[in-house]
Amino acid sequence: MTDRNLELFERAKRLIPGGVNSPVRAFRAVGGTPRFVQRAQGAYFWDANGKRHIDYIGSWGPMILGHGHPAVLEAVQKAALDGFSFGAPTEREVELAQAIVDLVPSIDMVRLVSSGTEAGMSTIRLARGATGRKKIIKFEGCYHGHADALLVKAGSGLATFGNPTSAGVPPEVVQHTLVLEYNNIVQLEAAFDAHGADIACLMIEPIAGNMNFVRASVPFMKRCRELCTQHGALLAFDEVMTGFRVALGGAQSVYARLIPGFEPDMTVMGKVIGGGMPLAAFGAKRAVMEQLAPLGPVYQAGTLSGNPVATACGLATLAEIRKPGFFEALSARTRALVDGLQAAANGARVPFSVDCEGGMFGFFLLPELPQHYQAVMASDGQRFNQLFHGLLDRGVYIAPALYEAGFVSAAHTQADIDDTVAAAAEVFRSLAQG
């Protein structure tokens with residue numbers, strides 16, 4: 001039988017670098033041939049060979065309702081009939097901004113953009129413009145898009161400036177970026193002691209989905225907030241992945257329940273707010289956001305920002321997830337999955353740890369959940385690759401990389417969860433024997 005996935009991949013490699021338009025899709029980390037998606041519906045997609053897969057990527061998070069939700073589809077179709085793009089304001093932009101402000105108390109105003117990278121880059125620029133400072137703090141293992149100043153790895157010593165992790169990024173571009181270890185309060189305090197008066201913002205994934213799934217501890221997050229307040233830096237939450245995915249109010253609402261009075265100063269959003277369309281946003285209190293052009297001196301613009309079809313998709317998605325009981329049901333479904341996976345691994349005596357929040361989850365082939373990037377790197381990559389391909393062969397599609405989180409949608413049924421756990425149990429048994 002002809003493998004259409006392989007045929008398409010070979011053709012793509014002649015035309016597109018690596019055969020893909022985003023590196024993780026190439027299966028370089030796990031080996032094998034990427035699956036070219038032909039169509040998707042609900043919790044499933046069908047590849048170029050016509051094989052059905054239970055989808056736990058969901059376009060890397062946006063498809064919280066599943067693929068092709070009727071209400072979202074209807075909203076997009078109606079919007080497309082009115083026009084694809086205008087380069088001028090629309091009522092739906094205002095409605096989407098209002099929905100975000102209503103759901104996230106830390107935000108007074110938002111600016112819509114087209115990608116998470118654009119939102120993160122603009123947030124950094126705005127933080128610098130609003131504070132008059134240059135330096136920023138990020139954490140090893142957190143990903144905030146591929147803006148030059150954020151493509152950095154940790155330096156060689158305590159609280160040192162980062163070094164570029166990509167060709168084409170001169171060292172001087174990242175000279176003002178401090179890279180610290182996630183969940184390391186000692187390093188955090190040392191960085192503020194040394195550079196506090198020069199730090200414009202601290203940007204963090206509150207639940208890091210690019211280390212698979214690693215939570216910021218409550219003491220660590222509390223200290224981030226205290227030090228930013230003490231030194232006049234802005235605390236920026238990157239909720240591109242967690243926003244409206246782990247809870248209706250995002251990860252910041254999770255921490256607000258644990259830390260009295262907690263909220264970030266700035267928030268970066270994407271994925272769910274676009275419902276699968278290219279759309280992202282960043283927001284903050286009015287005094288900060290009014291530093292943006294045309295009101296203030298910080299320039300930011302975008303031809304497709306607030307695209308009318310994307311905003312229709314996002315509004316319809318937010319309307320569904322705001323319905324009573326939505327997140328309770330999604331959380332229960334995700335919990336059933338992770339508990340089933342843990343039980344299956346335990347039954348096969350395979351080292352395994354797993355965590356989840358809302359509709360986001362992650363697991364490690366480690367006996368305990370890691371707390372930072374270096375601990376994540378200790379996970380068994382070879383065994384993960386065997387697990388990935390074992391699940392793929394059985395029609396279960398998880399991220400083709402050891403360090404990426406997974407996503408459950410409202411369209412996943414208990415039968416899907418049961419089938420996934422059964423497939424995982426078979427693979428775990430083979431791992432234990434091999």
# chains A, B, ... in the order shown; residues from 1 in each chain; ligands from 1
>>> residues_around(residues="Thr420 in chain A", least_positions_apart="3", cutoff="12 Å", atoms="only C-alpha atoms", output="ChimeraX atom specification")
/A:53-56,334,336-341,344,390-398,408,412-417,423-427
>>> write_last_selection(atoms="N, CA and C atoms", output="compact mmCIF listing (two decimals), in the first residue's frame")
# COMPACT_ATOMS: atom_id res chain seq x y z
N HIS A 53 -6.95 9.17 14.07
CA HIS A 53 -6.15 9.30 15.29
C HIS A 53 -6.95 10.07 16.33
N ILE A 54 -6.86 9.63 17.59
CA ILE A 54 -7.36 10.45 18.70
C ILE A 54 -6.34 11.55 18.93
N ASP A 55 -6.77 12.79 18.83
CA ASP A 55 -5.87 13.94 18.77
C ASP A 55 -5.71 14.59 20.14
N TYR A 56 -4.50 14.52 20.70
CA TYR A 56 -4.21 15.19 21.96
C TYR A 56 -3.28 16.39 21.78
N THR A 334 -9.89 15.34 31.68
CA THR A 334 -8.42 15.34 31.66
C THR A 334 -7.87 14.54 32.83
N ALA A 336 -9.31 12.05 34.32
CA ALA A 336 -9.53 10.63 34.04
C ALA A 336 -8.41 10.09 33.14
N LEU A 337 -7.97 10.89 32.18
CA LEU A 337 -6.90 10.46 31.29
C LEU A 337 -5.59 10.29 32.06
N VAL A 338 -5.20 11.30 32.83
CA VAL A 338 -3.90 11.22 33.49
C VAL A 338 -3.89 10.15 34.58
N ASP A 339 -5.01 9.98 35.28
CA ASP A 339 -5.07 8.91 36.28
C ASP A 339 -4.97 7.54 35.62
N GLY A 340 -5.61 7.40 34.46
CA GLY A 340 -5.53 6.13 33.73
C GLY A 340 -4.13 5.84 33.23
N LEU A 341 -3.44 6.87 32.74
CA LEU A 341 -2.06 6.70 32.26
C LEU A 341 -1.14 6.33 33.42
N ALA A 344 -1.74 2.74 34.37
CA ALA A 344 -1.18 1.83 33.37
C ALA A 344 0.32 1.71 33.51
N GLY A 390 4.52 3.75 19.66
CA GLY A 390 3.57 2.72 20.05
C GLY A 390 2.14 3.25 20.09
N LEU A 391 1.97 4.45 20.62
CA LEU A 391 0.64 5.07 20.65
C LEU A 391 0.19 5.45 19.24
N LEU A 392 1.13 5.98 18.45
CA LEU A 392 0.79 6.39 17.08
C LEU A 392 0.30 5.20 16.27
N ASP A 393 0.97 4.08 16.40
CA ASP A 393 0.56 2.87 15.68
C ASP A 393 -0.84 2.42 16.09
N ARG A 394 -1.22 2.76 17.33
CA ARG A 394 -2.53 2.37 17.84
C ARG A 394 -3.58 3.49 17.69
N GLY A 395 -3.24 4.51 16.91
CA GLY A 395 -4.20 5.56 16.60
C GLY A 395 -4.36 6.63 17.66
N VAL A 396 -3.31 6.84 18.47
CA VAL A 396 -3.32 7.89 19.49
C VAL A 396 -2.19 8.86 19.18
N TYR A 397 -2.53 10.14 19.01
CA TYR A 397 -1.54 11.13 18.57
C TYR A 397 -1.23 12.09 19.70
N ILE A 398 -0.01 11.98 20.26
CA ILE A 398 0.48 12.93 21.25
C ILE A 398 1.60 13.74 20.60
N VAL A 408 -6.55 18.08 26.11
CA VAL A 408 -7.83 17.38 26.00
C VAL A 408 -8.88 18.40 25.60
N HIS A 412 -13.53 15.08 23.46
CA HIS A 412 -13.06 13.75 23.87
C HIS A 412 -14.10 13.09 24.76
N THR A 413 -14.41 11.85 24.46
CA THR A 413 -15.40 11.10 25.24
C THR A 413 -14.70 10.16 26.21
N GLN A 414 -15.47 9.59 27.10
CA GLN A 414 -14.90 8.59 28.01
C GLN A 414 -14.37 7.40 27.23
N ALA A 415 -15.04 7.07 26.13
CA ALA A 415 -14.55 5.97 25.29
C ALA A 415 -13.18 6.29 24.70
N ASP A 416 -12.96 7.56 24.30
CA ASP A 416 -11.66 7.97 23.80
C ASP A 416 -10.59 7.83 24.87
N ILE A 417 -10.95 8.25 26.09
CA ILE A 417 -10.01 8.14 27.20
C ILE A 417 -9.69 6.67 27.46
N ALA A 423 -4.41 1.57 25.02
CA ALA A 423 -3.26 1.59 24.11
C ALA A 423 -1.97 1.83 24.88
N ALA A 424 -2.01 2.80 25.81
CA ALA A 424 -0.82 3.10 26.61
C ALA A 424 -0.40 1.90 27.45
N ALA A 425 -1.37 1.18 28.01
CA ALA A 425 -1.05 0.01 28.83
C ALA A 425 -0.30 -1.03 28.01
N GLU A 426 -0.72 -1.25 26.76
CA GLU A 426 -0.02 -2.20 25.89
C GLU A 426 1.42 -1.75 25.65
N VAL A 427 1.60 -0.44 25.39
CA VAL A 427 2.94 0.05 25.12
C VAL A 427 3.81 0.00 26.35
>>> select_by_dssp(residues="range 233-292 of chain A", states="strand (DSSP E or B)", output="PDB file with all heavy atoms, in the first residue's frame")
ATOM      1  N   LEU A 234       7.683  44.926  35.889  1.00  0.00           N
ATOM      2  CA  LEU A 234       6.367  44.415  35.531  1.00  0.00           C
ATOM      3  C   LEU A 234       6.404  42.890  35.455  1.00  0.00           C
ATOM      4  O   LEU A 234       7.314  42.324  34.847  1.00  0.00           O
ATOM      5  CB  LEU A 234       5.912  45.003  34.195  1.00  0.00           C
ATOM      6  CG  LEU A 234       5.727  46.523  34.178  1.00  0.00           C
ATOM      7  CD1 LEU A 234       5.458  47.015  32.758  1.00  0.00           C
ATOM      8  CD2 LEU A 234       4.606  46.948  35.109  1.00  0.00           C
ATOM      9  N   LEU A 235       5.433  42.254  36.074  1.00  0.00           N
ATOM     10  CA  LEU A 235       5.308  40.795  36.014  1.00  0.00           C
ATOM     11  C   LEU A 235       4.420  40.434  34.830  1.00  0.00           C
ATOM     12  O   LEU A 235       3.228  40.755  34.811  1.00  0.00           O
ATOM     13  CB  LEU A 235       4.710  40.257  37.309  1.00  0.00           C
ATOM     14  CG  LEU A 235       4.429  38.748  37.363  1.00  0.00           C
ATOM     15  CD1 LEU A 235       5.704  37.933  37.139  1.00  0.00           C
ATOM     16  CD2 LEU A 235       3.775  38.369  38.693  1.00  0.00           C
ATOM     17  N   ALA A 236       5.012  39.780  33.820  1.00  0.00           N
ATOM     18  CA  ALA A 236       4.295  39.437  32.587  1.00  0.00           C
ATOM     19  C   ALA A 236       4.037  37.940  32.549  1.00  0.00           C
ATOM     20  O   ALA A 236       4.981  37.139  32.574  1.00  0.00           O
ATOM     21  CB  ALA A 236       5.099  39.870  31.365  1.00  0.00           C
ATOM     22  N   PHE A 237       2.764  37.573  32.491  1.00  0.00           N
ATOM     23  CA  PHE A 237       2.358  36.176  32.375  1.00  0.00           C
ATOM     24  C   PHE A 237       2.185  35.819  30.905  1.00  0.00           C
ATOM     25  O   PHE A 237       1.375  36.431  30.201  1.00  0.00           O
ATOM     26  CB  PHE A 237       1.024  35.953  33.098  1.00  0.00           C
ATOM     27  CG  PHE A 237       1.136  35.326  34.450  1.00  0.00           C
ATOM     28  CD1 PHE A 237       2.216  35.591  35.268  1.00  0.00           C
ATOM     29  CD2 PHE A 237       0.149  34.479  34.917  1.00  0.00           C
ATOM     30  CE1 PHE A 237       2.324  35.019  36.530  1.00  0.00           C
ATOM     31  CE2 PHE A 237       0.235  33.897  36.178  1.00  0.00           C
ATOM     32  CZ  PHE A 237       1.325  34.171  36.978  1.00  0.00           C
ATOM     33  N   ASP A 238       2.946  34.829  30.451  1.00  0.00           N
ATOM     34  CA  ASP A 238       2.721  34.295  29.108  1.00  0.00           C
ATOM     35  C   ASP A 238       1.671  33.201  29.223  1.00  0.00           C
ATOM     36  O   ASP A 238       1.964  32.083  29.627  1.00  0.00           O
ATOM     37  CB  ASP A 238       4.014  33.747  28.526  1.00  0.00           C
ATOM     38  CG  ASP A 238       3.861  33.261  27.092  1.00  0.00           C
ATOM     39  OD1 ASP A 238       2.711  32.993  26.677  1.00  0.00           O
ATOM     40  OD2 ASP A 238       4.875  33.135  26.393  1.00  0.00           O
ATOM     41  N   GLU A 239       0.441  33.563  28.853  1.00  0.00           N
ATOM     42  CA  GLU A 239      -0.675  32.614  28.914  1.00  0.00           C
ATOM     43  C   GLU A 239      -1.157  32.238  27.514  1.00  0.00           C
ATOM     44  O   GLU A 239      -2.326  31.914  27.312  1.00  0.00           O
ATOM     45  CB  GLU A 239      -1.820  33.195  29.745  1.00  0.00           C
ATOM     46  CG  GLU A 239      -1.465  33.430  31.205  1.00  0.00           C
ATOM     47  CD  GLU A 239      -2.501  32.887  32.155  1.00  0.00           C
ATOM     48  OE1 GLU A 239      -2.993  31.759  31.919  1.00  0.00           O
ATOM     49  OE2 GLU A 239      -2.829  33.599  33.124  1.00  0.00           O
ATOM     50  N   GLY A 243      -3.898  30.285  28.861  1.00  0.00           N
ATOM     51  CA  GLY A 243      -5.028  31.192  28.910  1.00  0.00           C
ATOM     52  C   GLY A 243      -6.310  30.553  28.406  1.00  0.00           C
ATOM     53  O   GLY A 243      -6.348  30.056  27.276  1.00  0.00           O
ATOM     54  N   ALA A 247      -8.102  27.139  32.980  1.00  0.00           N
ATOM     55  CA  ALA A 247      -9.251  27.644  33.745  1.00  0.00           C
ATOM     56  C   ALA A 247      -9.844  28.793  32.951  1.00  0.00           C
ATOM     57  O   ALA A 247      -9.185  29.345  32.063  1.00  0.00           O
ATOM     58  CB  ALA A 247      -8.825  28.122  35.129  1.00  0.00           C
ATOM     59  N   MET A 266       0.981  42.211  33.327  1.00  0.00           N
ATOM     60  CA  MET A 266       0.770  42.097  31.890  1.00  0.00           C
ATOM     61  C   MET A 266       0.451  40.643  31.559  1.00  0.00           C
ATOM     62  O   MET A 266       0.926  39.730  32.244  1.00  0.00           O
ATOM     63  CB  MET A 266       2.012  42.561  31.112  1.00  0.00           C
ATOM     64  CG  MET A 266       2.543  43.917  31.513  1.00  0.00           C
ATOM     65  SD  MET A 266       4.044  44.373  30.599  1.00  0.00           S
ATOM     66  CE  MET A 266       3.329  44.903  29.039  1.00  0.00           C
ATOM     67  N   THR A 267      -0.317  40.436  30.513  1.00  0.00           N
ATOM     68  CA  THR A 267      -0.695  39.077  30.109  1.00  0.00           C
ATOM     69  C   THR A 267      -0.578  38.937  28.600  1.00  0.00           C
ATOM     70  O   THR A 267      -1.044  39.796  27.845  1.00  0.00           O
ATOM     71  CB  THR A 267      -2.138  38.751  30.536  1.00  0.00           C
ATOM     72  OG1 THR A 267      -2.267  38.927  31.950  1.00  0.00           O
ATOM     73  CG2 THR A 267      -2.498  37.320  30.180  1.00  0.00           C
ATOM     74  N   VAL A 268       0.053  37.849  28.186  1.00  0.00           N
ATOM     75  CA  VAL A 268       0.160  37.488  26.774  1.00  0.00           C
ATOM     76  C   VAL A 268      -0.800  36.326  26.525  1.00  0.00           C
ATOM     77  O   VAL A 268      -0.796  35.345  27.254  1.00  0.00           O
ATOM     78  CB  VAL A 268       1.601  37.063  26.418  1.00  0.00           C
ATOM     79  CG1 VAL A 268       1.734  36.815  24.916  1.00  0.00           C
ATOM     80  CG2 VAL A 268       2.604  38.113  26.879  1.00  0.00           C
ATOM     81  N   MET A 269      -1.642  36.447  25.495  1.00  0.00           N
ATOM     82  CA  MET A 269      -2.654  35.429  25.211  1.00  0.00           C
ATOM     83  C   MET A 269      -2.602  35.013  23.749  1.00  0.00           C
ATOM     84  O   MET A 269      -2.169  35.780  22.889  1.00  0.00           O
ATOM     85  CB  MET A 269      -4.052  35.978  25.529  1.00  0.00           C
ATOM     86  CG  MET A 269      -4.304  36.231  26.999  1.00  0.00           C
ATOM     87  SD  MET A 269      -5.720  37.333  27.252  1.00  0.00           S
ATOM     88  CE  MET A 269      -4.970  38.904  26.790  1.00  0.00           C
ATOM     89  N   GLY A 275      -9.570  30.315  18.721  1.00  0.00           N
ATOM     90  CA  GLY A 275     -10.341  29.134  18.369  1.00  0.00           C
ATOM     91  C   GLY A 275      -9.794  28.327  17.215  1.00  0.00           C
ATOM     92  O   GLY A 275     -10.502  27.516  16.614  1.00  0.00           O
ATOM     93  N   MET A 277      -7.959  30.007  14.685  1.00  0.00           N
ATOM     94  CA  MET A 277      -7.544  31.012  13.706  1.00  0.00           C
ATOM     95  C   MET A 277      -6.312  31.758  14.223  1.00  0.00           C
ATOM     96  O   MET A 277      -6.092  31.820  15.440  1.00  0.00           O
ATOM     97  CB  MET A 277      -8.676  32.013  13.468  1.00  0.00           C
ATOM     98  CG  MET A 277      -9.849  31.453  12.695  1.00  0.00           C
ATOM     99  SD  MET A 277      -9.437  31.290  10.946  1.00  0.00           S
ATOM    100  CE  MET A 277     -11.037  30.788  10.288  1.00  0.00           C
ATOM    101  N   ALA A 280      -3.955  36.465  18.519  1.00  0.00           N
ATOM    102  CA  ALA A 280      -3.372  36.528  19.858  1.00  0.00           C
ATOM    103  C   ALA A 280      -3.620  37.926  20.394  1.00  0.00           C
ATOM    104  O   ALA A 280      -4.204  38.780  19.711  1.00  0.00           O
ATOM    105  CB  ALA A 280      -1.879  36.198  19.809  1.00  0.00           C
ATOM    106  N   ALA A 281      -3.180  38.160  21.616  1.00  0.00           N
ATOM    107  CA  ALA A 281      -3.420  39.460  22.235  1.00  0.00           C
ATOM    108  C   ALA A 281      -2.463  39.656  23.394  1.00  0.00           C
ATOM    109  O   ALA A 281      -1.880  38.700  23.912  1.00  0.00           O
ATOM    110  CB  ALA A 281      -4.867  39.563  22.722  1.00  0.00           C
ATOM    111  N   PHE A 282      -2.311  40.896  23.816  1.00  0.00           N
ATOM    112  CA  PHE A 282      -1.631  41.193  25.072  1.00  0.00           C
ATOM    113  C   PHE A 282      -2.402  42.302  25.763  1.00  0.00           C
ATOM    114  O   PHE A 282      -3.026  43.146  25.118  1.00  0.00           O
ATOM    115  CB  PHE A 282      -0.155  41.558  24.860  1.00  0.00           C
ATOM    116  CG  PHE A 282       0.106  42.755  23.979  1.00  0.00           C
ATOM    117  CD1 PHE A 282       0.408  43.995  24.529  1.00  0.00           C
ATOM    118  CD2 PHE A 282       0.062  42.638  22.593  1.00  0.00           C
ATOM    119  CE1 PHE A 282       0.674  45.097  23.718  1.00  0.00           C
ATOM    120  CE2 PHE A 282       0.323  43.732  21.773  1.00  0.00           C
ATOM    121  CZ  PHE A 282       0.621  44.965  22.333  1.00  0.00           C
ATOM    122  N   GLY A 283      -2.384  42.252  27.092  1.00  0.00           N
ATOM    123  CA  GLY A 283      -3.182  43.202  27.843  1.00  0.00           C
ATOM    124  C   GLY A 283      -2.556  43.541  29.176  1.00  0.00           C
ATOM    125  O   GLY A 283      -1.666  42.841  29.668  1.00  0.00           O
ATOM    126  N   ALA A 284      -3.038  44.627  29.776  1.00  0.00           N
ATOM    127  CA  ALA A 284      -2.523  45.083  31.068  1.00  0.00           C
ATOM    128  C   ALA A 284      -3.486  46.135  31.611  1.00  0.00           C
ATOM    129  O   ALA A 284      -4.561  46.381  31.033  1.00  0.00           O
ATOM    130  CB  ALA A 284      -1.117  45.667  30.912  1.00  0.00           C
ATOM    131  N   LEU A 292       0.933  52.587  24.423  1.00  0.00           N
ATOM    132  CA  LEU A 292       0.972  52.119  23.034  1.00  0.00           C
ATOM    133  C   LEU A 292       0.495  53.196  22.059  1.00  0.00           C
ATOM    134  O   LEU A 292      -0.441  53.953  22.366  1.00  0.00           O
ATOM    135  CB  LEU A 292       0.072  50.887  22.863  1.00  0.00           C
ATOM    136  CG  LEU A 292       0.610  49.522  23.269  1.00  0.00           C
ATOM    137  CD1 LEU A 292      -0.493  48.483  23.121  1.00  0.00           C
ATOM    138  CD2 LEU A 292       1.821  49.120  22.430  1.00  0.00           C
TER     139      LEU A 292
END
>>> select_by_dssp(residues="range 237-381 of chain A", states="alpha helix (DSSP H)", output="MDAnalysis selection string")
chainID A and resid 251:258 286:289 308:321 326:348 373:376 381
>>> closest_residue(among="A:Asn210, A:Ser353, A:Ser115, A:Ser85", to="Tyr143 in chain A", atoms="only C-alpha atoms")
A:Asn210
>>> closest_residue(among="A:Ala167, A:Arg225, A:Lys51, A:Glu328", to="Pro260 in chain A", atoms="only C-alpha atoms")
A:Arg225
>>> closest_residue(among="A:Gly347, A:Pro34, A:Pro367, A:Gly406", to="Leu431 in chain A", atoms="only C-alpha atoms")
A:Gly347
>>> closest_residue(among="A:Ala190, A:Ala88, A:Val72, A:Asp265", to="Ala127 in chain A", atoms="only C-alpha atoms")
A:Asp265
>>> residues_around(residues="range 229-233 of chain A", least_positions_apart="6", cutoff="12 Å", atoms="only C-alpha atoms", output="PyMOL selection string")
chain A and resi 124+127-137+189+191-203+222-223+262-266
>>> write_last_selection(atoms="N, CA, C and O atoms", output="compact mmCIF listing (two decimals), in the first residue's frame")
# COMPACT_ATOMS: atom_id res chain seq x y z
N ILE A 124 7.18 42.73 25.61
CA ILE A 124 8.52 43.12 26.04
C ILE A 124 8.78 44.58 25.68
O ILE A 124 9.28 45.37 26.49
N ALA A 127 6.74 46.82 27.95
CA ALA A 127 7.28 46.86 29.31
C ALA A 127 8.50 47.77 29.38
O ALA A 127 8.65 48.55 30.33
N ARG A 128 9.35 47.68 28.39
CA ARG A 128 10.53 48.55 28.37
C ARG A 128 10.13 50.01 28.19
O ARG A 128 10.68 50.91 28.84
N GLY A 129 9.16 50.25 27.32
CA GLY A 129 8.72 51.62 27.10
C GLY A 129 8.03 52.21 28.32
O GLY A 129 8.22 53.39 28.65
N ALA A 130 7.25 51.39 29.00
CA ALA A 130 6.49 51.88 30.16
C ALA A 130 7.39 52.13 31.38
O ALA A 130 7.10 53.02 32.19
N THR A 131 8.47 51.35 31.50
CA THR A 131 9.35 51.48 32.66
C THR A 131 10.60 52.31 32.39
O THR A 131 11.26 52.76 33.33
N GLY A 132 10.96 52.47 31.12
CA GLY A 132 12.20 53.15 30.78
C GLY A 132 13.44 52.32 31.09
O GLY A 132 14.54 52.86 31.21
N ARG A 133 13.26 51.00 31.21
CA ARG A 133 14.37 50.11 31.54
C ARG A 133 14.66 49.15 30.38
O ARG A 133 13.82 48.96 29.50
N LYS A 134 15.82 48.49 30.44
CA LYS A 134 16.24 47.63 29.33
C LYS A 134 16.16 46.14 29.63
O LYS A 134 15.84 45.34 28.75
N LYS A 135 16.48 45.74 30.83
CA LYS A 135 16.69 44.32 31.11
C LYS A 135 15.37 43.58 31.31
O LYS A 135 14.39 44.12 31.81
N ILE A 136 15.38 42.30 30.91
CA ILE A 136 14.23 41.43 31.13
C ILE A 136 14.72 40.12 31.74
O ILE A 136 15.87 39.72 31.53
N ILE A 137 13.84 39.49 32.48
CA ILE A 137 14.11 38.15 33.03
C ILE A 137 13.21 37.14 32.35
O ILE A 137 12.01 37.38 32.18
N GLU A 189 16.21 35.90 43.52
CA GLU A 189 16.56 36.98 44.43
C GLU A 189 17.92 37.58 44.08
O GLU A 189 18.11 38.81 44.16
N ALA A 191 19.25 37.78 41.11
CA ALA A 191 19.09 38.60 39.90
C ALA A 191 18.53 39.98 40.25
O ALA A 191 19.00 41.01 39.73
N PHE A 192 17.53 40.02 41.10
CA PHE A 192 16.96 41.31 41.48
C PHE A 192 17.92 42.11 42.36
O PHE A 192 17.99 43.34 42.26
N ASP A 193 18.70 41.44 43.22
CA ASP A 193 19.69 42.15 44.02
C ASP A 193 20.72 42.83 43.12
O ASP A 193 21.14 43.97 43.39
N ALA A 194 21.10 42.16 42.06
CA ALA A 194 22.15 42.68 41.18
C ALA A 194 21.64 43.69 40.17
O ALA A 194 22.34 44.65 39.81
N HIS A 195 20.40 43.49 39.68
CA HIS A 195 19.93 44.27 38.53
C HIS A 195 18.55 44.90 38.73
O HIS A 195 17.97 45.42 37.76
N GLY A 196 18.01 44.85 39.94
CA GLY A 196 16.62 45.23 40.16
C GLY A 196 16.21 46.58 39.59
O GLY A 196 15.12 46.71 39.02
N ALA A 197 17.06 47.58 39.67
CA ALA A 197 16.71 48.92 39.20
C ALA A 197 16.66 49.00 37.68
O ALA A 197 16.14 49.98 37.13
N ASP A 198 17.21 47.99 37.00
CA ASP A 198 17.28 48.01 35.53
C ASP A 198 16.31 47.02 34.87
O ASP A 198 16.25 46.94 33.65
N ILE A 199 15.55 46.24 35.67
CA ILE A 199 14.68 45.21 35.10
C ILE A 199 13.33 45.79 34.72
O ILE A 199 12.60 46.31 35.57
N ALA A 200 13.00 45.69 33.44
CA ALA A 200 11.71 46.19 32.94
C ALA A 200 10.60 45.19 33.25
O ALA A 200 9.52 45.58 33.69
N CYS A 201 10.87 43.92 33.01
CA CYS A 201 9.82 42.93 33.27
C CYS A 201 10.42 41.55 33.50
O CYS A 201 11.55 41.26 33.09
N LEU A 202 9.64 40.76 34.18
CA LEU A 202 9.90 39.33 34.34
C LEU A 202 8.80 38.61 33.57
O LEU A 202 7.62 38.78 33.87
N MET A 203 9.18 37.84 32.56
CA MET A 203 8.20 37.11 31.77
C MET A 203 8.29 35.62 32.11
O MET A 203 9.37 35.06 32.14
N LYS A 222 4.89 33.55 44.27
CA LYS A 222 4.69 34.62 45.25
C LYS A 222 5.92 35.53 45.31
O LYS A 222 5.80 36.77 45.38
N ARG A 223 7.10 34.91 45.27
CA ARG A 223 8.33 35.71 45.30
C ARG A 223 8.52 36.52 44.02
O ARG A 223 9.02 37.65 44.07
N PHE A 262 -3.26 38.09 44.41
CA PHE A 262 -2.29 37.92 43.32
C PHE A 262 -2.88 38.29 41.96
O PHE A 262 -4.00 37.93 41.63
N GLU A 263 -2.09 39.00 41.16
CA GLU A 263 -2.35 39.15 39.73
C GLU A 263 -1.08 39.64 39.05
O GLU A 263 -0.26 40.31 39.67
N PRO A 264 -0.89 39.28 37.79
CA PRO A 264 0.25 39.80 37.03
C PRO A 264 -0.04 41.22 36.56
O PRO A 264 -1.18 41.69 36.62
N ASP A 265 1.01 41.89 36.06
CA ASP A 265 0.85 43.24 35.52
C ASP A 265 0.48 43.21 34.05
O ASP A 265 -0.22 44.10 33.55
N MET A 266 0.98 42.21 33.33
CA MET A 266 0.77 42.10 31.89
C MET A 266 0.45 40.64 31.56
O MET A 266 0.93 39.73 32.24
>>> residues_around(residues="Glu91 in chain A", least_positions_apart="4", cutoff="9 Å", atoms="only C-alpha atoms", output="PyMOL selection string")
chain A and resi 95-96+308
>>> write_last_selection(atoms="N, CA and C atoms", output="mmCIF file, in the first residue's frame")
data_model
loop_
_atom_site.group_PDB
_atom_site.id
_atom_site.type_symbol
_atom_site.label_atom_id
_atom_site.label_comp_id
_atom_site.auth_asym_id
_atom_site.auth_seq_id
_atom_site.Cartn_x
_atom_site.Cartn_y
_atom_site.Cartn_z
ATOM 1 N N GLU A 95 -15.950 43.557 20.713
ATOM 2 C CA GLU A 95 -16.633 42.499 21.466
ATOM 3 C C GLU A 95 -15.635 41.489 22.032
ATOM 4 N N LEU A 96 -14.624 41.130 21.242
ATOM 5 C CA LEU A 96 -13.630 40.179 21.727
ATOM 6 C C LEU A 96 -12.797 40.802 22.843
ATOM 7 N N PRO A 308 -11.349 40.004 10.968
ATOM 8 C CA PRO A 308 -12.769 39.778 11.250
ATOM 9 C C PRO A 308 -13.196 38.310 11.286
#
>>> closest_residue(among="A:Val37, A:Pro17, A:Leu295, A:Phe428", to="Asn5 in chain A", atoms="only C-alpha atoms")
A:Val37
>>> closest_atom_pairs(of="range 69-158 of chain A", to="range 213-216 of chain A", cutoff="12 Å", atoms="only C-alpha atoms", output="CSV")
residue,atom,partner,partner_atom,distance
A:Phe139,CA,A:Ala216,CA,10.8
A:Glu140,CA,A:Val214,CA,11.8
A:Gly141,CA,A:Val214,CA,9.5
A:Cys142,CA,A:Val214,CA,9.7
>>> atom_distance(atom1="CA of Met377 in chain A", atom2="CA of Phe27 in chain A")
18.2 Å
>>> residues_around(residues="Glu7 in chain A", least_positions_apart="3", cutoff="12 Å", atoms="only C-alpha atoms", output="PDB file with C-alpha atoms, in the first residue's frame")
ATOM      1  CA  MET A   1       0.000   0.000   0.000  1.00  0.00           C
ATOM      2  CA  THR A   2       1.287   3.451  -0.909  1.00  0.00           C
ATOM      3  CA  ASP A   3       2.189   5.636   2.075  1.00  0.00           C
ATOM      4  CA  ARG A   4       0.721   9.025   1.186  1.00  0.00           C
ATOM      5  CA  GLU A  10       9.305  13.769   0.407  1.00  0.00           C
ATOM      6  CA  ARG A  11       7.626  16.303  -1.845  1.00  0.00           C
ATOM      7  CA  ALA A  12       7.462  18.884   0.962  1.00  0.00           C
ATOM      8  CA  LYS A  13      11.178  18.514   1.736  1.00  0.00           C
ATOM      9  CA  ARG A  14      11.994  19.653  -1.797  1.00  0.00           C
ATOM     10  CA  GLY A  19       9.397  19.672   4.830  1.00  0.00           C
ATOM     11  CA  THR A  33       7.288  10.205   9.001  1.00  0.00           C
ATOM     12  CA  PRO A  34       5.038  13.091  10.010  1.00  0.00           C
ATOM     13  CA  ARG A  35       1.314  12.561   9.623  1.00  0.00           C
ATOM     14  CA  PHE A  36      -0.194  14.903   7.044  1.00  0.00           C
ATOM     15  CA  ALA A  48      -3.231  11.220   4.330  1.00  0.00           C
ATOM     16  CA  ASN A  49      -3.595   7.424   4.443  1.00  0.00           C
TER      17      ASN A  49
END
